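Asker: Okay, handing you the structure first.
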Amino acid sequence: MTASTLMIQGTTSDAGKSTVVAGLCRALKRRGINVAPFKPQNMALNSAVTADGGEIGRAQAVQAQAAGLAPHTDMNPVLLKPNSDTGAQVIIHGRAIGNMEAAAYHDYKRVAREAVLASHRRLAAQYRMIVVEGAGSPAEINLRAGDIANMGFAEAVDCPVILVADIDRGGVFAHLVGTLALLSESEQARVKGFIINRFRGDIALLQGGLDWLEQHTGKPVLGVLPYLHGLHLEAEDALPVDSSAQQPSPQPSPACGRGGQSKLRVIVPALPHISNHTDFDPLRLHPQVALHWVAPDQTPPPADLVILPGSKNVRADLDWLRAQGWEDYLARHLRYRGKLMGICGGLQMLGSAVHDPHGIEGAPGSSTGFGYLDFSTTLQAHKQLRNVRGKLAQGGMPVSGYEIHAGISEGDALQRPFAQLDDGRTDGAISDDGQIIATYLHGVFESPQALSALLDWAGLQVSQPFDYHALREHNIERLADTLEAHLDMRSILQLLGADA
């Protein structure tokens with residue numbers, strides 16, 4: 001069996017490629033079609049652990065859920081995780097092979113291309129259809145040589161392409177026509193139509209532009225997708241623009257433990273090398289939580305809970321936090337009985353020291369941690385990648401999540417763990433006074449009972465049930481409904497070699 005492949009490319013980053021691929025995967029699954037998502041090359045710090053024990057972009061894990069599949073490393077064979085302005089950790093088939101500067105990776109693309117094509121061949125042997133997501137824009141002239149993320153891949157596997165543009169940014173017709181003009185003749189012929197995303201208003205006012213676009217390019221507009229207010233799917237990389245975006249709120253909740261406010265105040269520093277910030281989506285969307293990202297040079301406001309997030313360069317981000325005045329802020333926050341939590345890299349920061357003798361995340365060396373918990377961390381070349389389940393050590397509530405870290409932490413504080421895991425290990429630590437929690441588990445807030453227990457610990461008197469997995473499933477269904485209503489699904493199915 002050889003799968004039919006369709007590629008979704010965008011005129012810009014965040015045009016809607018990830019969203020369209022997820023919606024198409026669910027729409028095809030509803031038709032009983034065996035479909036898989038695929039992204040040849042991804043650059044993102046939001047990642048997920050796969051069923052085969054590797055690491056892929058978070059967006060591909062969501063697309064796998066939309067297709068009704070467990071995430072697999074073949075769905076994203078090349079993942080680049082930036083750890084500086086010019087370099088990134090390179091992950092091939094789910095495993096880190098090392099750090100490379102941009103110029104070195106450009107030379108490495110030939111090897112990466114073989115990994116991409118091998119993964120596509122394996123998926124093509126297992127699934128009837130493959131829906132592929134491009135990266136950035138195919139018209140980035142400086143990246144055309146050796147391209148494996150956009151048209152270079154489409155040409156290699158000989159698949160049709162649909163081009164997506166975001167009208168909410170403005171200039172949508174220039175984006176589409178300009179992108180098309182910068183492609184080669186064979187690449188232009190490969191583009192079979194356009195999708196315009198995030199339209200607000202009366203579609204009749206857009207019709208003249210759509211008619212002109214089709215006449216000028218000779219290619220059809222396959223649909224205009226409306227702006228879906230409140231739609232939430234995990235971001236590929238960028239922090240949410242609206243840090244306080246909420247689902248519709250119920251009546252005001254009982255006051256929290258300190259200050260009498262109706263919502264639990266949670267703040268998270270927006271680290272320069274923040275990773276897996278999707279950990280905080282369940283808090284950002286919880287109707288009883290007011291989550292705030294603290295930007296560079298912004299004074300951290302009073303809070304009930306401060307969370308130090310994951311980091312792709314823990315020592316550099318520790319230096320940044322100190323330069324931003326966070327060390328004094330955390331001391332004052334704890335003195336006034338606020339709660340503090342660290343996740344993954346944030347856990348490592350809460351210990352006494354972080355050692356990087358092999359230069360895993362930057363120049364070899366050691367850094368002093370904040371010292372709130374008695375353990376130290378040593379970074380090692382082999383990354384820990386696990387999906388885990390267990391119970392909270394206090395209260396016994398079920399918890400699940402995933403580990404993605406190169407550090408091994410050791411010290412007395414770990415004798416009072418955060419969680420007991422089903423594989424016999426323990427995770428993290430809780431301070432003697434109960435004010436501080438540290439965990440290696442990403443996704444810890446996605447477990448409804450664990451989320452309620454953690455909100456109660458942080459000061460919310462009566463937490464309401466909140467099922468993040470159910471919310472994500474609801475949004476995937478809503479997205480698929482929208483695509484069915486506003487896209488020319490007959491033409492899209494024909495591009496995939498199927499009858500409507």
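Naming works like this for the structure tokens: A, B, ... for the chains as they're shown, residue 1 at the start of each chain, ligands 1 onward in shown order.
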Using only C-alpha atoms, which protein or nucleic acid residues come within 10 Å of Asp158 (chain A)? Drop anything in the same chain fewer than 3 positions from it, and give the result as a PyMOL selection string.
Answerer: chain A and resi 5-6+151-155+161+190
Asker: Which polymer residues have any atom within 6 Å of an atom of Ala3 (chain A), counting only C-alpha atoms, with same-chain residues fewer than 5 positions away left out, as a list in words?
Answerer: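 Close residues of Ala3 (chain A): Ala124, Tyr127, Arg128 and Met129 of chain A.
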Asker: Write a file of the selected residues as a PDB file, in the first residue's frame, keeping C-alpha atoms.
Answerer:
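The resulting selection.pdb:
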ATOM      1  CA  ALA A 124       3.040   5.484   3.457  1.00  0.00           C
ATOM      2  CA  TYR A 127      -1.704   4.544   6.187  1.00  0.00           C
ATOM      3  CA  ARG A 128      -4.047   5.312   3.322  1.00  0.00           C
ATOM      4  CA  MET A 129      -3.496   9.068   3.482  1.00  0.00           C
TER       5      MET A 129
END
Asker: Residues of region 2-110 of chain A in strand (DSSP E or B) according to DSSP, as a count of residues only?
Answerer: 38
Asker: Where in region 136-378 of chain A does DSSP assign alpha helix (DSSP H), given as a PyMOL selection string?
Answerer: chain A and resi 151-157+172-181+185-190+207-217+281-285+314-323+326-335+345-350
Asker: With a distance cut-off of 7 Å and only C-alpha atoms, select the neighbouring residues of region 59-69 of chain A, excluding the residue or stretch itself and same-chain residues fewer than 4 positions from it, and output the selection as a PyMOL selection string.
Answerer: chain A and resi 18+21-22+25-26+29+35-37+48+75-76+234-236+476
Asker: Which residues of region 369-424 of chain A have any atom within 12 Å of an atom in region 266-287 of chain A when counting only C-alpha atoms, and what is the closest pair of atoms for each, with the distance in Å to one decimal? Order the rows by chain and rising number and write it as JSON lines.
Answerer:
{"residue": "A:Gly401", "atom": "CA", "partner": "A:Asp279", "partner_atom": "CA", "distance": 9.7}
{"residue": "A:Tyr402", "atom": "CA", "partner": "A:Asp279", "partner_atom": "CA", "distance": 10.5}
{"residue": "A:Glu403", "atom": "CA", "partner": "A:Asn276", "partner_atom": "CA", "distance": 10.9}
{"residue": "A:Ile404", "atom": "CA", "partner": "A:Asn276", "partner_atom": "CA", "distance": 9.5}
{"residue": "A:His405", "atom": "CA", "partner": "A:Ser275", "partner_atom": "CA", "distance": 10.8}
Asker: Since we have the selection now, will you write its residues out, keeping C-alpha atoms, as a compact mmCIF listing (two decimals), in the first residue's frame?
Answerer:
# COMPACT_ATOMS: atom_id res chain seq x y z
CA GLY A 401 2.75 13.32 32.20
CA TYR A 402 5.98 12.99 30.29
CA GLU A 403 9.66 13.50 30.99
CA ILE A 404 12.03 15.28 28.60
CA HIS A 405 15.27 16.22 30.34
Asker: Quick one: of A:Gly351, A:Pro220, A:Gly365, A:Gly53, who's nearest to Gly193 (chain A), counting only C-alpha atoms?
Answerer: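 Counting only C-alpha atoms, the residue closest to Gly193 (chain A) is A:Pro220.
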Asker: Kindly indicate which residue among A:Ile130, A:Leu80, A:Leu479, A:Val111 lies nearest to Phe38 (chain A), using only C-alpha atoms for the distances.
Answerer: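 With only C-alpha atoms as the atom set, the closest residue is A:Ile130.
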Asker: To one decimal in Å, tell me the separation between CA of Val49 (chain A) and CA of Asp422 (chain A).
Answerer: 17.2 Å
Asker: Got a sec: who's within 9 Å of Leu182 (chain A), counting only C-alpha atoms, leaving out chain neighbours fewer than 2 positions off, as a ChimeraX atom specification?
Answerer: /A:138-141,177-180,184,188
Asker: Can those selected residues be exported to a file as a JSON list (two decimals), in the first residue's frame so that it contains N, CA and C atoms?
Answerer:
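So again.json came out as:
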[["chain", "number", "residue", "atom", "x", "y", "z"],
["A", 138, "PRO", "N", 7.33, 28.63, 2.11],
["A", 138, "PRO", "CA", 8.14, 28.06, 1.03],
["A", 138, "PRO", "C", 8.89, 29.13, 0.25],
["A", 139, "ALA", "N", 8.59, 30.41, 0.49],
["A", 139, "ALA", "CA", 9.20, 31.49, -0.27],
["A", 139, "ALA", "C", 10.38, 32.14, 0.44],
["A", 140, "GLU", "N", 10.92, 31.47, 1.46],
["A", 140, "GLU", "CA", 12.09, 31.99, 2.16],
["A", 140, "GLU", "C", 13.33, 31.67, 1.32],
["A", 141, "ILE", "N", 13.73, 32.64, 0.51],
["A", 141, "ILE", "CA", 14.76, 32.42, -0.51],
["A", 141, "ILE", "C", 16.06, 31.92, 0.09],
["A", 177, "VAL", "N", -0.14, 35.88, -3.63],
["A", 177, "VAL", "CA", 0.42, 36.12, -4.96],
["A", 177, "VAL", "C", 1.93, 36.23, -4.89],
["A", 178, "GLY", "N", 2.44, 36.90, -3.86],
["A", 178, "GLY", "CA", 3.88, 37.05, -3.72],
["A", 178, "GLY", "C", 4.58, 35.72, -3.47],
["A", 179, "THR", "N", 3.98, 34.88, -2.63],
["A", 179, "THR", "CA", 4.56, 33.55, -2.37],
["A", 179, "THR", "C", 4.61, 32.75, -3.65],
["A", 180, "LEU", "N", 3.50, 32.75, -4.38],
["A", 180, "LEU", "CA", 3.44, 31.99, -5.62],
["A", 180, "LEU", "C", 4.49, 32.49, -6.62],
["A", 184, "SER", "N", 9.38, 28.25, -8.13],
["A", 184, "SER", "CA", 9.74, 27.84, -9.49],
["A", 184, "SER", "C", 8.48, 27.42, -10.24],
["A", 188, "GLN", "N", 5.09, 26.09, -8.60],
["A", 188, "GLN", "CA", 3.82, 26.79, -8.81],
["A", 188, "GLN", "C", 2.74, 25.82, -9.29]]
Asker: What does the distance between CA of Gly459 (chain A) and CA of Ser400 (chain A) come to in Å, to one decimal place?
Answerer: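 Calculated distance between CA of Gly459 (chain A) and CA of Ser400 (chain A) is 22.2 Å.
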Asker: Please compute the CA of Glu101 (chain A)-CA of Arg122 (chain A) distance, one decimal, in Å.
Answerer: 29.5 Å
Asker: My list of candidates is A:His486, A:Lys339, A:Gln348, A:Gln494. Which is closest to Ile203 (chain A) when distances are computed with only C-alpha atoms?
Answerer: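 Closest residue, counting only C-alpha atoms: A:His486.
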Asker: Excluding Tyr227 (chain A) and residues on its chain fewer than 4 positions from it, collect all residues at most 8 Å away from it, counting only C-alpha atoms, and give them as a list in words.
Answerer: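 The residues that qualify are Asn197, Arg198, Phe199 and Arg200 of chain A.
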Asker: Can you list, as a PyMOL selection string, every protein, DNA or RNA residue that comes within 12 Å of Gln298 (chain A) when you count only C-alpha atoms, leaving out same-chain residues fewer than 2 positions away?
Answerer: chain A and resi 267-270+292-296+300-301+321+324-326
Asker: Please provide as a PyMOL selection string all residues within 10 Å of Gly218 (chain A), with the sequence filter that same-chain residues fewer than 4 positions apart are discarded (counting only C-alpha atoms).
Answerer: chain A and resi 192-193+212-214
Asker: Go ahead and write the selection's residues with C-alpha atoms as a PDB file, in the first residue's frame.
Answerer:
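Output contents, as saved in again_32.pdb:
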ATOM      1  CA  LYS A 192      -3.535  23.269  -6.320  1.00  0.00           C
ATOM      2  CA  GLY A 193      -5.419  25.941  -4.411  1.00  0.00           C
ATOM      3  CA  TRP A 212      -9.582  38.427  -8.713  1.00  0.00           C
ATOM      4  CA  LEU A 213      -7.219  35.976  -6.996  1.00  0.00           C
ATOM      5  CA  GLU A 214      -8.592  33.020  -8.937  1.00  0.00           C
TER       6      GLU A 214
END
